[in-house]
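Asks: Okay, here's the structure, questions in a sec.
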Amino acid sequence: MEESARKRLGEMFGKAGFERAFPGLELVDAAAGAASIRLRVTTPVQNINGALHGGAVAFLVDHAGTLAIITADRDGRAGVTTDLNLTYLAPGRADENVLARARVLKVGRTLAFVSVDVVRESDGTLLAQGRMTKFMGG
């Protein structure tokens, strides 16, 4: 992880109110235009079937994408999500770790675009893919 990205994200990671709803959320890596976070599929983030809840997946896509955008934007802006699209491909199983790996597609003056893969850490199975657009201000 690049030192400047580590410092900036380390100062803010885990401090926001909604992040605290995801026990064990961990920043794995961050570099220019990319970020990865890890979450264990424990009871608070499971659906009625005991798999990773779709809303938790949406959070992972939004959060990892935001972190990646911060590392890519020259001013370190987080932006505001305007569009979030998800495709669910496989379940996140109970008591396993999932990784959300975000990659910035483009950061412009007013919009940023990011793609995120959510995978099962143990075997790399693709669980979901997401794309997000952020409004970056004028």
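In the structure tokens, each chain is lettered A, B, ... as it comes, each chain's residues begin at 1, and ligands are numbered from 1 in order of appearance.
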Please return as JSON, numbers by chain: the residues of chain A that backbone DSSP assigns to alpha helix (DSSP H).
Replies: {"A": [3, 4, 5, 6, 7, 8, 9, 10, 11, 12, 54, 55, 56, 57, 58, 59, 60, 61, 62, 63, 64, 65, 66, 67, 68, 69, 70, 71, 72]}
Asks: Need the shell around segment 82-87 of chain A: protein/DNA/RNA residues with any atom at most 10 Å away, counting only C-alpha atoms. Skip same-chain ones fewer than 2 positions apart. Format as a PyMOL selection string?
Replies: chain A and resi 54+57-58+61-62+79-80+89-90+111-117+127-136
Asks: With distances taken over only C-alpha atoms, which residue among A:His53, A:Arg77, A:Arg20, A:Arg120 lies nearest Val98 of chain A?
Replies: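 Counting only C-alpha atoms, the residue closest to Val98 of chain A is A:Arg120.
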Asks: Could you tell me which of A:Leu126, A:Val107, A:Ala51, A:Leu25 comes closest to His63 of chain A if we count only C-alpha atoms?
Replies: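 When distances to His63 of chain A are compared using only C-alpha atoms, the smallest one comes from A:Leu25.
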Asks: What parts of chain A does DSSP call strand (DSSP E)? I'd like the answer as a ChimeraX atom specification.
Replies: /A:26-31,34-40,80-88,97-107,111-120,126-135
Asks: Those residues you just picked out, can you put them in a file as a PDB file, in the first residue's frame with C-alpha atoms?
Replies:
ATOM      1  CA  GLU A  26     -10.786  -4.396   7.473  1.00  0.00           C
ATOM      2  CA  LEU A  27      -8.805  -2.317   5.010  1.00  0.00           C
ATOM      3  CA  VAL A  28      -6.591  -4.781   3.123  1.00  0.00           C
ATOM      4  CA  ASP A  29      -4.882  -2.601   0.544  1.00  0.00           C
ATOM      5  CA  ALA A  30      -5.032   0.795  -1.122  1.00  0.00           C
ATOM      6  CA  ALA A  31      -2.982   2.297  -3.915  1.00  0.00           C
ATOM      7  CA  ALA A  34      -7.499   0.792  -6.199  1.00  0.00           C
ATOM      8  CA  ALA A  35      -8.619  -0.440  -2.795  1.00  0.00           C
ATOM      9  CA  SER A  36      -9.539  -3.763  -1.171  1.00  0.00           C
ATOM     10  CA  ILE A  37     -11.512  -4.406   1.993  1.00  0.00           C
ATOM     11  CA  ARG A  38     -12.302  -7.634   3.860  1.00  0.00           C
ATOM     12  CA  LEU A  39     -15.400  -8.675   5.791  1.00  0.00           C
ATOM     13  CA  ARG A  40     -16.163 -11.899   7.628  1.00  0.00           C
ATOM     14  CA  VAL A  80     -21.383  11.339  -3.484  1.00  0.00           C
ATOM     15  CA  THR A  81     -22.843   8.160  -4.973  1.00  0.00           C
ATOM     16  CA  THR A  82     -25.285   8.874  -7.795  1.00  0.00           C
ATOM     17  CA  ASP A  83     -25.571   5.391  -9.285  1.00  0.00           C
ATOM     18  CA  LEU A  84     -24.880   1.909  -7.924  1.00  0.00           C
ATOM     19  CA  ASN A  85     -25.396  -1.222  -9.997  1.00  0.00           C
ATOM     20  CA  LEU A  86     -24.912  -4.768  -8.691  1.00  0.00           C
ATOM     21  CA  THR A  87     -25.000  -8.222 -10.181  1.00  0.00           C
ATOM     22  CA  TYR A  88     -25.129 -11.067  -7.649  1.00  0.00           C
ATOM     23  CA  ASN A  97     -14.168 -13.901   4.499  1.00  0.00           C
ATOM     24  CA  VAL A  98     -15.140 -11.904   1.444  1.00  0.00           C
ATOM     25  CA  LEU A  99     -13.004  -9.322  -0.310  1.00  0.00           C
ATOM     26  CA  ALA A 100     -14.257  -6.270  -2.185  1.00  0.00           C
ATOM     27  CA  ARG A 101     -11.650  -5.209  -4.749  1.00  0.00           C
ATOM     28  CA  ALA A 102     -12.266  -1.813  -6.302  1.00  0.00           C
ATOM     29  CA  ARG A 103     -10.637  -0.345  -9.389  1.00  0.00           C
ATOM     30  CA  VAL A 104     -11.190   3.210 -10.580  1.00  0.00           C
ATOM     31  CA  LEU A 105     -12.185   3.479 -14.213  1.00  0.00           C
ATOM     32  CA  LYS A 106     -12.038   7.279 -14.416  1.00  0.00           C
ATOM     33  CA  VAL A 107     -11.971  10.328 -12.154  1.00  0.00           C
ATOM     34  CA  LEU A 111     -17.809  12.488 -12.052  1.00  0.00           C
ATOM     35  CA  ALA A 112     -15.883   9.368 -11.056  1.00  0.00           C
ATOM     36  CA  PHE A 113     -16.487   5.769 -12.116  1.00  0.00           C
ATOM     37  CA  VAL A 114     -15.398   2.599 -10.332  1.00  0.00           C
ATOM     38  CA  SER A 115     -15.776  -1.153 -10.780  1.00  0.00           C
ATOM     39  CA  VAL A 116     -15.798  -3.556  -7.810  1.00  0.00           C
ATOM     40  CA  ASP A 117     -15.501  -7.340  -7.633  1.00  0.00           C
ATOM     41  CA  VAL A 118     -16.656  -9.075  -4.451  1.00  0.00           C
ATOM     42  CA  VAL A 119     -14.983 -12.468  -4.109  1.00  0.00           C
ATOM     43  CA  ARG A 120     -14.843 -15.315  -1.610  1.00  0.00           C
ATOM     44  CA  LEU A 126     -16.807 -14.152  -7.814  1.00  0.00           C
ATOM     45  CA  LEU A 127     -19.831 -13.391  -5.624  1.00  0.00           C
ATOM     46  CA  ALA A 128     -20.884 -10.057  -7.097  1.00  0.00           C
ATOM     47  CA  GLN A 129     -19.798  -7.321  -9.451  1.00  0.00           C
ATOM     48  CA  GLY A 130     -20.690  -3.705  -9.006  1.00  0.00           C
ATOM     49  CA  ARG A 131     -20.259  -0.410 -10.786  1.00  0.00           C
ATOM     50  CA  MET A 132     -20.647   2.967  -9.188  1.00  0.00           C
ATOM     51  CA  THR A 133     -20.758   6.572 -10.339  1.00  0.00           C
ATOM     52  CA  LYS A 134     -19.885   9.389  -7.938  1.00  0.00           C
ATOM     53  CA  PHE A 135     -20.609  13.086  -8.262  1.00  0.00           C
TER      54      PHE A 135
END
Asks: Check the smallest atom-to-atom distance from each of A:Leu60, A:Ala78, A:Leu67, A:Ile48 to Phe22 of chain A using only C-alpha atoms, then report the winner.
Replies: A:Leu60
Asks: What's around Asp75 of chain A at 12 Å? Count only C-alpha atoms, leave out sequence neighbours fewer than 4 positions away in its own chain, and write the answer as a ChimeraX atom specification.
Replies: /A:8,69-71,79,107-109,136-137
Asks: Selection from above, N, CA and C atoms, as a short mmCIF file (atom, residue, chain, number, x, y, z; two decimals), in the first residue's frame, can you write it?
Replies:
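Result went into selection-v2.cif, see below:
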data_model
loop_
_atom_site.label_atom_id
_atom_site.label_comp_id
_atom_site.auth_asym_id
_atom_site.auth_seq_id
_atom_site.Cartn_x
_atom_site.Cartn_y
_atom_site.Cartn_z
N ARG A 8 -3.80 8.43 4.71
CA ARG A 8 -5.10 9.09 4.53
C ARG A 8 -6.26 8.16 4.88
N ILE A 69 -11.61 5.66 -5.12
CA ILE A 69 -11.73 6.99 -5.72
C ILE A 69 -10.92 8.01 -4.94
N ILE A 70 -10.95 7.93 -3.62
CA ILE A 70 -10.15 8.84 -2.79
C ILE A 70 -8.68 8.74 -3.17
N THR A 71 -8.19 7.51 -3.41
CA THR A 71 -6.77 7.35 -3.74
C THR A 71 -6.43 7.85 -5.14
N GLY A 79 -16.54 12.13 -3.02
CA GLY A 79 -17.71 12.22 -3.88
C GLY A 79 -18.98 11.73 -3.21
N VAL A 107 -11.61 9.23 -13.04
CA VAL A 107 -11.97 10.33 -12.15
C VAL A 107 -11.84 11.61 -12.96
N GLY A 108 -12.95 12.31 -13.05
CA GLY A 108 -12.95 13.58 -13.76
C GLY A 108 -13.23 14.73 -12.80
N ARG A 109 -13.48 15.88 -13.36
CA ARG A 109 -13.75 17.07 -12.55
C ARG A 109 -15.06 16.94 -11.78
N MET A 136 -18.54 14.34 -8.07
CA MET A 136 -17.35 14.84 -7.39
C MET A 136 -17.41 16.34 -7.11
N GLY A 137 -18.47 16.97 -7.46
CA GLY A 137 -18.56 18.42 -7.26
C GLY A 137 -18.15 19.16 -8.51
#
